[in-house]
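Reading through the structure tokens given below for one structure.
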Amino acid sequence: MKPMSDAFNEAAHPLLRNLDRARTCARMYPPEHPYVEESRRLLTASVEELLLLRDSVTVSISDGDIFVEGHHIPDDGGSFEPLISDLTRRELVSITFVHGITVDELAAFILVSVARPPDLEAMGGVEAALERKAVRGVLIGRKSLALPTDEESRKHAETVRVSRDVYHSAVQAVIEAFAEVSSREMVNLDLVEGVVRMLVSGVLQHPETYLGLSTMKDFHEYTFYHSVNVAILSMLMGSKLRFNEALLHKVGVAALLHDIGKVQMPIEILDKPGRLTPEEFDCMKTHCAKGARILAQHSADPLAILTAAQHHVHYDRGGYPDCDIPEGLHVISHLITIADVYDALTSDRSYRTAMLPDRAMQIIIEGRGTTFHPELTKVFANLTGMFPVGTLVELDTAERAVVCKPNPANIYRPKAKLLTPPGSDTLVSRDVDLTDRDTDGRYLRSIVRSIEPRDHQINVADYV
Ligand SMILES: [Fe+2]
């Protein structure tokens with residue numbers, strides 16, 4: 001190992017700090033956000049400074065320590081801990097920046113390095129994603145994934161893999177349907193029908209896996225992920241209500257296409273970072289009628305046409321459009337409204353950040369009997385629990401955990417995956433049941449409060 005020169009030593013710390021910062025900003029903000037641009041500029045400057053001294057520079061991780069060019073970089077204050085644990089969890093054990101790397105390559109690498117595992121899987125893995133984005137100036141080293149050894153774990157891993165494929169196929173089907181409408185082509189409803197068949201089968205066979213998948217979000221492709229999440233949550237509610245497969249299928253198609261009228265909304269209104277003006281809101285309200293018209297033109301199922309028109313009317317008719325429906329709103333419109341509002345509240349939008357899942361649940365429960373159908377609200381609360389799947393919680397043992405399975409028998413005591421030790425974000429694959437008690441009958445662990453995953457650089461979708 002060559003001795004580390006003073007110049008190199010002085011540049012190594014900023015490189016790690018700026019790499020960490022760039023990854024954090026890329027997770028939290030859209031690419032054009034000033035914080036992201038600034039973090040990219042700082043990282044580029046750090047990399048370029050080191051590449052003045054060498055042809056390449058490698059950041060590597062081994063046994064919880066971080067190295068630059070093989071030299072251990074002490075982390076006295078623990079400030080590199082989130083970077084080390086996240087890269088370790090992603091099995092990205094070495095990153096080499098090569099002389100000649102461009103700013104665009106660096107920006108593309110950062111996005112890939114923080115992508116959600118299911119999204120990476122859909123792109124064929126980290127290497128394929130970098131290849132696809134033509135990133136030549138970054139080389140990565142990965143530790144091979146340990147395959148589960150027992151039969152049950154193998155089956156579970158396979159179920160999750162297949163279910164994620166179905167999820168991404170559904171996202172793709174919605175993207176294509178919206179693109180066809182905006183280019184005035186006929187929507188290929190066969191594609192939508194096909195993915196909904198897979199979703200119905202998945203929701204019936206593996207409801208918990210699909211409930212976990214419904215926490216997936218994508219800021220830039222919000223409408224498409226949102227449509228799939230609304231479809232999954234609506235079908236899961238339908239399944240609780242013992243709908244037969246044919247009706248679940250209709251619910252899936254209707255939910256997947258409920259917002260198709262948004263293709264005819266001006267992008268500056270859809271993505272407006274602030275509050276809509278009264279005129280803009282009036283325009284936004286027309287997406288319901290426009291969606292219903294589009295679906296009628298494509299001879300979609302009458303239920304899909306109806307729910308596109310009614311999904312914002314609300315139980316007490318306090319929403320929009322203002323309409324007189326003597327026979328009452330269709331029950332599936334009520335059902336889609338709950339799933340729609342819940343997923344919207346828990347997603348990042350251009351005008352606000354995502355709400356914690358339990359806070360969103362409280363809002364749904366507070367709205368029962370006014371915005372939401374009271375009986376269906378109960379069904380939804382029973383499905384998700386008061387601390388829905390994907391909620392990061394603090395326990396009375398000072399441990400943190402991610403809720404991974406609801407408990408219909410006690411909606412306050414779900415099953416969770418423990419993050420340990422206290423104060424650390426490192427995941428240990430340990431499931432805990434919050435109904436477990438000690439020999440004196442006291443609960444071993446109870447939820448104290450939910451906490452913001454972003455403050456701890458945790459992507460909860462990785463754990464559910
Ligand atoms: Fe809508």
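Chain labels A, B, ... are given in the sequence in which chains occur in the structure tokens; within each chain residues are numbered consecutively from 1, and ligands are likewise numbered from 1 in the order shown.
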
Near ligand 1, 12 Å: chain A residue rows, closest pairs, only C-alpha atoms and all ligand atoms, as CSV:
residue,atom,partner,partner_atom_place_in_ligand_line,distance
A:Thr223,CA,ligand 1,1 (Fe),9.5
A:His226,CA,ligand 1,1 (Fe),10.2
A:Ser227,CA,ligand 1,1 (Fe),9.6
A:Val230,CA,ligand 1,1 (Fe),10.7
A:Ala254,CA,ligand 1,1 (Fe),12.0
A:Ala255,CA,ligand 1,1 (Fe),10.2
A:Leu256,CA,ligand 1,1 (Fe),11.1
A:Leu257,CA,ligand 1,1 (Fe),9.7
A:His258,CA,ligand 1,1 (Fe),6.6
A:Asp259,CA,ligand 1,1 (Fe),4.8
A:Ile260,CA,ligand 1,1 (Fe),8.3
A:Gly261,CA,ligand 1,1 (Fe),8.0
A:Lys262,CA,ligand 1,1 (Fe),7.6
A:Val263,CA,ligand 1,1 (Fe),11.2
A:Met265,CA,ligand 1,1 (Fe),11.2
A:Leu270,CA,ligand 1,1 (Fe),11.0
A:Met284,CA,ligand 1,1 (Fe),8.8
A:Lys285,CA,ligand 1,1 (Fe),8.3
A:Thr286,CA,ligand 1,1 (Fe),9.6
A:His287,CA,ligand 1,1 (Fe),6.9
A:Cys288,CA,ligand 1,1 (Fe),6.5
A:Ala289,CA,ligand 1,1 (Fe),10.3
A:Lys290,CA,ligand 1,1 (Fe),10.8
A:Gly291,CA,ligand 1,1 (Fe),9.1
A:Ala292,CA,ligand 1,1 (Fe),11.2
A:Thr307,CA,ligand 1,1 (Fe),9.8
A:Ala308,CA,ligand 1,1 (Fe),7.5
A:Ala309,CA,ligand 1,1 (Fe),8.9
A:Gln310,CA,ligand 1,1 (Fe),9.1
A:His311,CA,ligand 1,1 (Fe),6.5
A:His312,CA,ligand 1,1 (Fe),6.4
A:Val313,CA,ligand 1,1 (Fe),10.1
A:His314,CA,ligand 1,1 (Fe),11.7
A:Gly319,CA,ligand 1,1 (Fe),11.0
A:Tyr320,CA,ligand 1,1 (Fe),10.0
A:Pro321,CA,ligand 1,1 (Fe),11.1
A:Ser333,CA,ligand 1,1 (Fe),11.2
A:Ile336,CA,ligand 1,1 (Fe),9.8
A:Thr337,CA,ligand 1,1 (Fe),8.6
A:Ile338,CA,ligand 1,1 (Fe),11.5
A:Ala339,CA,ligand 1,1 (Fe),11.1
A:Asp340,CA,ligand 1,1 (Fe),7.5
A:Val341,CA,ligand 1,1 (Fe),9.1
A:Asp343,CA,ligand 1,1 (Fe),11.5
A:Ala344,CA,ligand 1,1 (Fe),9.7

Query raised in the report: Got a sec: who's within 7 Å of Arg164 in chain A, counting only C-alpha atoms, leaving out chain neighbours fewer than 4 positions off, as an MDAnalysis selection string?
Result: chainID A and resid 118 160 168

Who sits within 7 Å of Val187 in chain A, only C-alpha atoms, same chain under 2 positions skipped, as an mmCIF file with C-alpha atoms, in the first residue's frame:
data_model
loop_
_atom_site.group_PDB
_atom_site.id
_atom_site.type_symbol
_atom_site.label_atom_id
_atom_site.label_comp_id
_atom_site.auth_asym_id
_atom_site.auth_seq_id
_atom_site.Cartn_x
_atom_site.Cartn_y
_atom_site.Cartn_z
ATOM 1 C CA ALA A 177 -52.303 3.268 -21.236
ATOM 2 C CA GLU A 180 -51.711 5.909 -25.660
ATOM 3 C CA VAL A 181 -54.423 8.302 -24.477
ATOM 4 C CA GLU A 185 -54.217 6.192 -29.824
ATOM 5 C CA LEU A 189 -57.077 -2.564 -22.519
ATOM 6 C CA HIS A 298 -62.694 2.802 -25.207
#

Requested in this report: Skip Met355 in chain A itself and residues of its chain fewer than 6 positions away, then list as a PyMOL selection string all residues within 12 Å of it, counting only C-alpha atoms.
Outcome: chain A and resi 341-349+361-363+391+450-454

Prev. selection, all heavy atoms, output as a short mmCIF file (atom, residue, chain, number, x, y, z; two decimals), in the first residue's frame:
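Heads up, here's the output in part-v5.cif:
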data_model
loop_
_atom_site.label_atom_id
_atom_site.label_comp_id
_atom_site.auth_asym_id
_atom_site.auth_seq_id
_atom_site.Cartn_x
_atom_site.Cartn_y
_atom_site.Cartn_z
N VAL A 341 -56.87 8.22 -1.29
CA VAL A 341 -56.44 9.26 -0.34
C VAL A 341 -55.27 8.74 0.51
O VAL A 341 -54.28 9.44 0.71
CB VAL A 341 -57.62 9.72 0.55
CG1 VAL A 341 -57.13 10.67 1.65
CG2 VAL A 341 -58.69 10.40 -0.29
N TYR A 342 -55.36 7.50 0.97
CA TYR A 342 -54.30 6.95 1.82
C TYR A 342 -52.96 6.95 1.08
O TYR A 342 -51.94 7.40 1.59
CB TYR A 342 -54.65 5.54 2.30
CG TYR A 342 -53.51 4.93 3.09
CD1 TYR A 342 -53.28 5.32 4.40
CD2 TYR A 342 -52.63 4.04 2.49
CE1 TYR A 342 -52.21 4.81 5.12
CE2 TYR A 342 -51.55 3.53 3.20
CZ TYR A 342 -51.35 3.92 4.51
OH TYR A 342 -50.29 3.42 5.20
N ASP A 343 -52.96 6.44 -0.17
CA ASP A 343 -51.69 6.37 -0.90
C ASP A 343 -51.18 7.77 -1.23
O ASP A 343 -49.98 8.02 -1.18
CB ASP A 343 -51.83 5.54 -2.19
CG ASP A 343 -50.48 5.36 -2.86
OD1 ASP A 343 -49.65 4.60 -2.32
OD2 ASP A 343 -50.22 6.03 -3.88
N ALA A 344 -52.10 8.70 -1.56
CA ALA A 344 -51.67 10.07 -1.87
C ALA A 344 -51.03 10.73 -0.65
O ALA A 344 -49.99 11.38 -0.75
CB ALA A 344 -52.86 10.90 -2.36
N LEU A 345 -51.66 10.54 0.53
CA LEU A 345 -51.12 11.17 1.75
C LEU A 345 -49.74 10.63 2.10
O LEU A 345 -48.91 11.35 2.64
CB LEU A 345 -52.06 10.92 2.94
CG LEU A 345 -53.40 11.66 2.95
CD1 LEU A 345 -54.26 11.19 4.13
CD2 LEU A 345 -53.20 13.17 3.02
N THR A 346 -49.50 9.35 1.80
CA THR A 346 -48.21 8.75 2.19
C THR A 346 -47.16 8.84 1.08
O THR A 346 -46.13 8.18 1.14
CB THR A 346 -48.41 7.26 2.59
OG1 THR A 346 -49.13 6.60 1.54
CG2 THR A 346 -49.17 7.13 3.89
N SER A 347 -47.44 9.64 0.05
CA SER A 347 -46.48 9.82 -1.05
C SER A 347 -45.93 11.24 -1.04
O SER A 347 -46.63 12.18 -0.68
CB SER A 347 -47.17 9.59 -2.40
OG SER A 347 -47.70 8.29 -2.47
N ASP A 348 -44.68 11.38 -1.47
CA ASP A 348 -44.12 12.71 -1.68
C ASP A 348 -44.77 13.34 -2.89
O ASP A 348 -44.90 12.71 -3.93
CB ASP A 348 -42.61 12.61 -1.97
CG ASP A 348 -41.80 12.47 -0.70
OD1 ASP A 348 -42.21 13.02 0.33
OD2 ASP A 348 -40.75 11.80 -0.75
N ARG A 349 -45.19 14.58 -2.74
CA ARG A 349 -45.75 15.31 -3.87
C ARG A 349 -44.95 16.59 -4.07
O ARG A 349 -44.16 16.96 -3.21
CB ARG A 349 -47.23 15.66 -3.60
CG ARG A 349 -48.10 14.48 -3.24
CD ARG A 349 -48.11 13.39 -4.31
NE ARG A 349 -48.30 13.91 -5.66
CZ ARG A 349 -49.48 14.22 -6.17
NH1 ARG A 349 -50.56 14.03 -5.47
NH2 ARG A 349 -49.57 14.70 -7.39
N MET A 361 -53.36 7.20 8.45
CA MET A 361 -54.45 6.34 8.93
C MET A 361 -55.38 7.10 9.84
O MET A 361 -56.60 6.96 9.78
CB MET A 361 -53.85 5.16 9.73
CG MET A 361 -53.90 3.81 9.11
SD MET A 361 -55.15 3.51 7.93
CE MET A 361 -56.54 3.19 8.97
N GLN A 362 -54.78 7.96 10.71
CA GLN A 362 -55.61 8.77 11.62
C GLN A 362 -56.55 9.67 10.82
O GLN A 362 -57.72 9.82 11.16
CB GLN A 362 -54.72 9.66 12.49
CG GLN A 362 -54.35 9.00 13.80
CD GLN A 362 -53.31 9.82 14.53
OE1 GLN A 362 -52.96 10.93 14.12
NE2 GLN A 362 -52.80 9.27 15.60
N ILE A 363 -56.00 10.25 9.74
CA ILE A 363 -56.82 11.15 8.92
C ILE A 363 -57.97 10.38 8.28
O ILE A 363 -59.10 10.85 8.24
CB ILE A 363 -55.93 11.86 7.86
CG1 ILE A 363 -55.07 12.88 8.59
CG2 ILE A 363 -56.76 12.50 6.76
CD1 ILE A 363 -54.15 13.66 7.70
N THR A 391 -44.41 1.34 8.25
CA THR A 391 -44.19 2.40 9.23
C THR A 391 -42.92 2.08 10.03
O THR A 391 -42.75 0.96 10.52
CB THR A 391 -45.37 2.48 10.22
OG1 THR A 391 -46.58 2.53 9.47
CG2 THR A 391 -45.26 3.71 11.11
N SER A 450 -44.36 6.61 15.83
CA SER A 450 -43.78 6.39 14.50
C SER A 450 -42.69 7.44 14.29
O SER A 450 -42.75 8.52 14.89
CB SER A 450 -44.84 6.49 13.42
OG SER A 450 -45.40 7.78 13.43
N ILE A 451 -41.71 7.13 13.46
CA ILE A 451 -40.65 8.11 13.19
C ILE A 451 -40.40 8.21 11.69
O ILE A 451 -40.76 7.31 10.92
CB ILE A 451 -39.33 7.77 13.94
CG1 ILE A 451 -38.95 6.29 13.81
CG2 ILE A 451 -39.43 8.16 15.38
CD1 ILE A 451 -37.68 5.92 14.54
N GLU A 452 -39.80 9.31 11.29
CA GLU A 452 -39.60 9.62 9.87
C GLU A 452 -38.41 8.82 9.32
O GLU A 452 -37.28 9.03 9.77
CB GLU A 452 -39.35 11.14 9.75
CG GLU A 452 -39.00 11.62 8.37
CD GLU A 452 -40.03 11.24 7.33
OE1 GLU A 452 -41.14 11.78 7.37
OE2 GLU A 452 -39.69 10.37 6.50
N PRO A 453 -38.62 7.91 8.37
CA PRO A 453 -37.52 7.10 7.85
C PRO A 453 -36.40 7.93 7.24
O PRO A 453 -35.23 7.59 7.33
CB PRO A 453 -38.17 6.22 6.78
CG PRO A 453 -39.63 6.30 7.03
CD PRO A 453 -39.90 7.58 7.73
N ARG A 454 -36.77 9.06 6.61
CA ARG A 454 -35.74 9.86 5.95
C ARG A 454 -34.72 10.42 6.92
O ARG A 454 -33.56 10.59 6.60
CB ARG A 454 -36.39 11.02 5.17
CG ARG A 454 -36.61 10.65 3.73
CD ARG A 454 -37.26 11.78 3.04
NE ARG A 454 -38.65 11.85 3.48
CZ ARG A 454 -39.65 12.13 2.68
NH1 ARG A 454 -39.44 12.37 1.43
NH2 ARG A 454 -40.88 12.17 3.13
#

Give one line per residue of range 303-397 of chain A that approaches range 430-441 of chain A to at most 12 Å, naming the two atoms of the closest pair and their distance in Å to one decimal, counting only C-alpha atoms; sort by chain then ascending residue number and deliver it as a Markdown table.
| residue | atom | partner | partner_atom | distance |
| --- | --- | --- | --- | --- |
| A:Phe387 | CA | A:Leu434 | CA | 11.7 |
| A:Val393 | CA | A:Leu434 | CA | 11.7 |
| A:Leu395 | CA | A:Leu434 | CA | 9.6 |
| A:Asp396 | CA | A:Leu434 | CA | 11.0 |
| A:Thr397 | CA | A:Leu434 | CA | 11.7 |

How would the residues just chosen look if you wrote them out with all heavy atoms as a PDB file, in the first residue's frame?
ATOM      1  N   PHE A 387     -50.765   1.069  12.649  1.00  0.00           N
ATOM      2  CA  PHE A 387     -49.396   1.325  12.202  1.00  0.00           C
ATOM      3  C   PHE A 387     -49.208   0.482  10.943  1.00  0.00           C
ATOM      4  O   PHE A 387     -48.803  -0.680  11.019  1.00  0.00           O
ATOM      5  CB  PHE A 387     -48.381   0.953  13.293  1.00  0.00           C
ATOM      6  CG  PHE A 387     -48.508   1.811  14.513  1.00  0.00           C
ATOM      7  CD1 PHE A 387     -49.252   1.395  15.602  1.00  0.00           C
ATOM      8  CD2 PHE A 387     -47.906   3.061  14.552  1.00  0.00           C
ATOM      9  CE1 PHE A 387     -49.393   2.199  16.715  1.00  0.00           C
ATOM     10  CE2 PHE A 387     -48.041   3.871  15.667  1.00  0.00           C
ATOM     11  CZ  PHE A 387     -48.781   3.438  16.751  1.00  0.00           C
ATOM     12  N   VAL A 393     -41.061   2.518  13.369  1.00  0.00           N
ATOM     13  CA  VAL A 393     -41.545   2.847  14.712  1.00  0.00           C
ATOM     14  C   VAL A 393     -40.429   2.755  15.743  1.00  0.00           C
ATOM     15  O   VAL A 393     -39.458   2.021  15.557  1.00  0.00           O
ATOM     16  CB  VAL A 393     -42.711   1.910  15.150  1.00  0.00           C
ATOM     17  CG1 VAL A 393     -43.957   2.170  14.339  1.00  0.00           C
ATOM     18  CG2 VAL A 393     -42.304   0.438  15.080  1.00  0.00           C
ATOM     19  N   LEU A 395     -39.739   1.666  19.627  1.00  0.00           N
ATOM     20  CA  LEU A 395     -40.364   0.792  20.620  1.00  0.00           C
ATOM     21  C   LEU A 395     -39.972   1.250  22.032  1.00  0.00           C
ATOM     22  O   LEU A 395     -39.010   2.013  22.201  1.00  0.00           O
ATOM     23  CB  LEU A 395     -39.912  -0.655  20.387  1.00  0.00           C
ATOM     24  CG  LEU A 395     -40.167  -1.202  18.975  1.00  0.00           C
ATOM     25  CD1 LEU A 395     -39.602  -2.618  18.841  1.00  0.00           C
ATOM     26  CD2 LEU A 395     -41.647  -1.188  18.635  1.00  0.00           C
ATOM     27  N   ASP A 396     -40.686   0.762  23.038  1.00  0.00           N
ATOM     28  CA  ASP A 396     -40.371   1.164  24.415  1.00  0.00           C
ATOM     29  C   ASP A 396     -39.072   0.530  24.916  1.00  0.00           C
ATOM     30  O   ASP A 396     -38.632   0.795  26.032  1.00  0.00           O
ATOM     31  CB  ASP A 396     -41.538   0.841  25.364  1.00  0.00           C
ATOM     32  CG  ASP A 396     -41.906  -0.633  25.342  1.00  0.00           C
ATOM     33  OD1 ASP A 396     -41.319  -1.391  24.548  1.00  0.00           O
ATOM     34  OD2 ASP A 396     -42.796  -1.024  26.126  1.00  0.00           O
ATOM     35  N   THR A 397     -38.453  -0.309  24.066  1.00  0.00           N
ATOM     36  CA  THR A 397     -37.148  -0.881  24.399  1.00  0.00           C
ATOM     37  C   THR A 397     -36.016  -0.048  23.799  1.00  0.00           C
ATOM     38  O   THR A 397     -34.860  -0.463  23.828  1.00  0.00           O
ATOM     39  CB  THR A 397     -37.053  -2.298  23.799  1.00  0.00           C
ATOM     40  OG1 THR A 397     -37.419  -2.196  22.410  1.00  0.00           O
ATOM     41  CG2 THR A 397     -37.977  -3.263  24.501  1.00  0.00           C
TER      42      THR A 397
END

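CA of Val196 in chain A is positioned 18.2 Å from CA of Leu306 in chain A.
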
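Using only C-alpha atoms, the smallest distance between any of A:Lys405, A:His33, A:Arg23, A:Arg54 and Ser350 in chain A comes from A:His33.
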
Query - Shell of 12 Å around Thr377 in chain A, only C-alpha atoms, local chain residues under 4 positions omitted, as a VMD selection string - result: chain A and resid 234 237 315 334 to 339 341 to 342 361 to 373 381 to 386

Query raised in the report: Out of range 16-84 of chain A, which residues get helix (DSSP H, G or I) from DSSP, as number ranges by chain?
Result: A: 16-28, 34-51, 81-84

Using N, CA, C and O atoms, can you export the residues from the last selection as a short mmCIF file (atom, residue, chain, number, x, y, z; two decimals), in the first residue's frame?
data_model
loop_
_atom_site.label_atom_id
_atom_site.label_comp_id
_atom_site.auth_asym_id
_atom_site.auth_seq_id
_atom_site.Cartn_x
_atom_site.Cartn_y
_atom_site.Cartn_z
N LEU A 16 -15.88 11.48 0.97
CA LEU A 16 -16.88 10.64 1.63
C LEU A 16 -18.08 11.48 2.07
O LEU A 16 -19.22 11.07 1.92
N ARG A 17 -17.79 12.65 2.63
CA ARG A 17 -18.89 13.53 3.08
C ARG A 17 -19.78 13.90 1.90
O ARG A 17 -21.00 13.85 1.98
N ASN A 18 -19.14 14.27 0.77
CA ASN A 18 -19.93 14.71 -0.38
C ASN A 18 -20.63 13.56 -1.08
O ASN A 18 -21.70 13.73 -1.66
N LEU A 19 -20.03 12.36 -1.02
CA LEU A 19 -20.71 11.18 -1.57
C LEU A 19 -21.97 10.90 -0.75
O LEU A 19 -23.05 10.67 -1.29
N ASP A 20 -21.82 10.97 0.56
CA ASP A 20 -22.96 10.73 1.46
C ASP A 20 -24.05 11.77 1.21
O ASP A 20 -25.22 11.46 1.07
N ARG A 21 -23.62 13.04 1.13
CA ARG A 21 -24.59 14.12 0.95
C ARG A 21 -25.33 13.99 -0.39
O ARG A 21 -26.55 14.17 -0.47
N ALA A 22 -24.57 13.69 -1.46
CA ALA A 22 -25.20 13.57 -2.79
C ALA A 22 -26.24 12.45 -2.80
O ALA A 22 -27.31 12.57 -3.38
N ARG A 23 -25.92 11.34 -2.13
CA ARG A 23 -26.87 10.21 -2.09
C ARG A 23 -28.10 10.57 -1.27
O ARG A 23 -29.22 10.24 -1.62
N THR A 24 -27.89 11.28 -0.15
CA THR A 24 -29.02 11.68 0.69
C THR A 24 -29.94 12.63 -0.08
O THR A 24 -31.16 12.47 -0.08
N CYS A 25 -29.34 13.63 -0.73
CA CYS A 25 -30.16 14.60 -1.48
C CYS A 25 -30.91 13.91 -2.62
O CYS A 25 -32.07 14.22 -2.88
N ALA A 26 -30.24 12.95 -3.28
CA ALA A 26 -30.89 12.25 -4.41
C ALA A 26 -32.09 11.44 -3.91
O ALA A 26 -33.05 11.24 -4.65
N ARG A 27 -32.03 10.97 -2.67
CA ARG A 27 -33.16 10.22 -2.11
C ARG A 27 -34.32 11.12 -1.78
O ARG A 27 -35.46 10.76 -1.89
N MET A 28 -33.97 12.34 -1.33
CA MET A 28 -35.00 13.19 -0.75
C MET A 28 -35.64 14.18 -1.71
O MET A 28 -36.76 14.61 -1.48
N PRO A 34 -32.44 22.47 -6.19
CA PRO A 34 -31.13 23.14 -5.97
C PRO A 34 -30.22 22.36 -5.02
O PRO A 34 -29.00 22.38 -5.21
N TYR A 35 -30.76 21.70 -4.00
CA TYR A 35 -29.92 20.94 -3.07
C TYR A 35 -29.20 19.80 -3.81
O TYR A 35 -28.05 19.49 -3.54
N VAL A 36 -29.93 19.18 -4.75
CA VAL A 36 -29.34 18.06 -5.49
C VAL A 36 -28.23 18.58 -6.40
O VAL A 36 -27.13 18.01 -6.46
N GLU A 37 -28.51 19.72 -7.05
CA GLU A 37 -27.50 20.29 -7.95
C GLU A 37 -26.24 20.68 -7.17
O GLU A 37 -25.12 20.41 -7.59
N GLU A 38 -26.46 21.30 -6.01
CA GLU A 38 -25.32 21.72 -5.18
C GLU A 38 -24.52 20.50 -4.69
O GLU A 38 -23.29 20.49 -4.72
N SER A 39 -25.23 19.45 -4.28
CA SER A 39 -24.54 18.26 -3.76
C SER A 39 -23.75 17.58 -4.88
O SER A 39 -22.65 17.08 -4.66
N ARG A 40 -24.30 17.61 -6.10
CA ARG A 40 -23.59 17.04 -7.25
C ARG A 40 -22.32 17.84 -7.55
O ARG A 40 -21.27 17.29 -7.84
N ARG A 41 -22.47 19.17 -7.45
CA ARG A 41 -21.31 20.04 -7.74
C ARG A 41 -20.18 19.76 -6.74
O ARG A 41 -19.02 19.61 -7.12
N LEU A 42 -20.55 19.62 -5.47
CA LEU A 42 -19.54 19.37 -4.44
C LEU A 42 -18.88 18.01 -4.63
O LEU A 42 -17.66 17.87 -4.50
N LEU A 43 -19.70 16.99 -4.97
CA LEU A 43 -19.11 15.66 -5.16
C LEU A 43 -18.18 15.65 -6.38
O LEU A 43 -17.08 15.09 -6.34
N THR A 44 -18.62 16.31 -7.46
CA THR A 44 -17.78 16.38 -8.66
C THR A 44 -16.44 17.02 -8.32
O THR A 44 -15.37 16.53 -8.72
N ALA A 45 -16.48 18.12 -7.56
CA ALA A 45 -15.24 18.82 -7.19
C ALA A 45 -14.33 17.89 -6.38
O ALA A 45 -13.11 17.83 -6.62
N SER A 46 -14.92 17.13 -5.45
CA SER A 46 -14.12 16.21 -4.62
C SER A 46 -13.46 15.12 -5.46
O SER A 46 -12.29 14.80 -5.29
N VAL A 47 -14.27 14.54 -6.37
CA VAL A 47 -13.74 13.45 -7.21
C VAL A 47 -12.64 13.99 -8.11
O VAL A 47 -11.56 13.39 -8.23
N GLU A 48 -12.89 15.17 -8.71
CA GLU A 48 -11.89 15.73 -9.63
C GLU A 48 -10.59 16.05 -8.90
O GLU A 48 -9.49 15.85 -9.43
N GLU A 49 -10.72 16.52 -7.66
CA GLU A 49 -9.51 16.86 -6.89
C GLU A 49 -8.64 15.62 -6.69
O GLU A 49 -7.42 15.65 -6.86
N LEU A 50 -9.28 14.50 -6.37
CA LEU A 50 -8.51 13.27 -6.15
C LEU A 50 -7.98 12.71 -7.46
O LEU A 50 -6.88 12.14 -7.50
N LEU A 51 -8.74 12.88 -8.54
CA LEU A 51 -8.28 12.34 -9.82
C LEU A 51 -7.16 13.17 -10.43
O LEU A 51 -6.56 12.78 -11.43
N GLU A 81 -21.35 6.54 9.33
CA GLU A 81 -22.09 5.31 9.63
C GLU A 81 -23.28 5.07 8.69
O GLU A 81 -23.43 3.97 8.14
N PRO A 82 -24.13 6.10 8.42
CA PRO A 82 -25.25 5.85 7.50
C PRO A 82 -24.77 5.43 6.11
O PRO A 82 -25.34 4.55 5.48
N LEU A 83 -23.67 6.08 5.63
CA LEU A 83 -23.14 5.74 4.30
C LEU A 83 -22.63 4.30 4.31
O LEU A 83 -22.94 3.51 3.40
N ILE A 84 -21.88 3.95 5.35
CA ILE A 84 -21.31 2.59 5.43
C ILE A 84 -22.43 1.56 5.49
O ILE A 84 -22.42 0.57 4.75
#

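Minimum atom-to-atom distances from A:Val98, A:Ile110, A:Met198, A:Leu211 to Ser56 in chain A were compared using only C-alpha atoms, and the lowest value belongs to A:Val98.
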
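Rounded to one decimal, CA of Gly390 in chain A and CA of Val448 in chain A lie 15.9 Å from each other.
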
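What separates CA of Glu375 in chain A from CA of Thr215 in chain A is a distance of 23.4 Å.
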
Requested in this report: List every residue of range 1-134 of chain A that DSSP, applied to the backbone of this structure, places in strand (DSSP E), and write the result as an NGL selection string.
Outcome: :A and (56-62 or 65-68 or 71-72 or 92-98)

Report task. Could you give me, as a PyMOL selection string, the residues within 10 Å of Leu204 in chain A, counting only C-alpha atoms and dropping anything in the same chain fewer than 2 positions from it? Result -> chain A and resi 199-202+206-208+210+235-236+239-240+245+248

Can I get the selection written as a compact mmCIF listing (two decimals), in the first residue's frame, with C-alpha atoms?
# COMPACT_ATOMS: atom_id res chain seq x y z
CA LEU A 199 -52.66 -8.88 -9.61
CA VAL A 200 -55.89 -10.66 -8.61
CA SER A 201 -54.14 -13.98 -8.39
CA GLY A 202 -51.26 -12.42 -6.40
CA HIS A 206 -50.07 -13.59 -1.14
CA PRO A 207 -52.03 -10.70 0.41
CA GLU A 208 -49.26 -9.72 2.84
CA TYR A 210 -48.87 -7.31 -1.97
CA MET A 235 -58.41 -5.37 -4.30
CA LEU A 236 -57.14 -6.27 -0.82
CA SER A 239 -60.79 -9.62 -0.84
CA LYS A 240 -61.54 -8.89 2.86
CA GLU A 245 -62.56 -13.15 -8.57
CA LEU A 248 -61.99 -8.28 -7.86
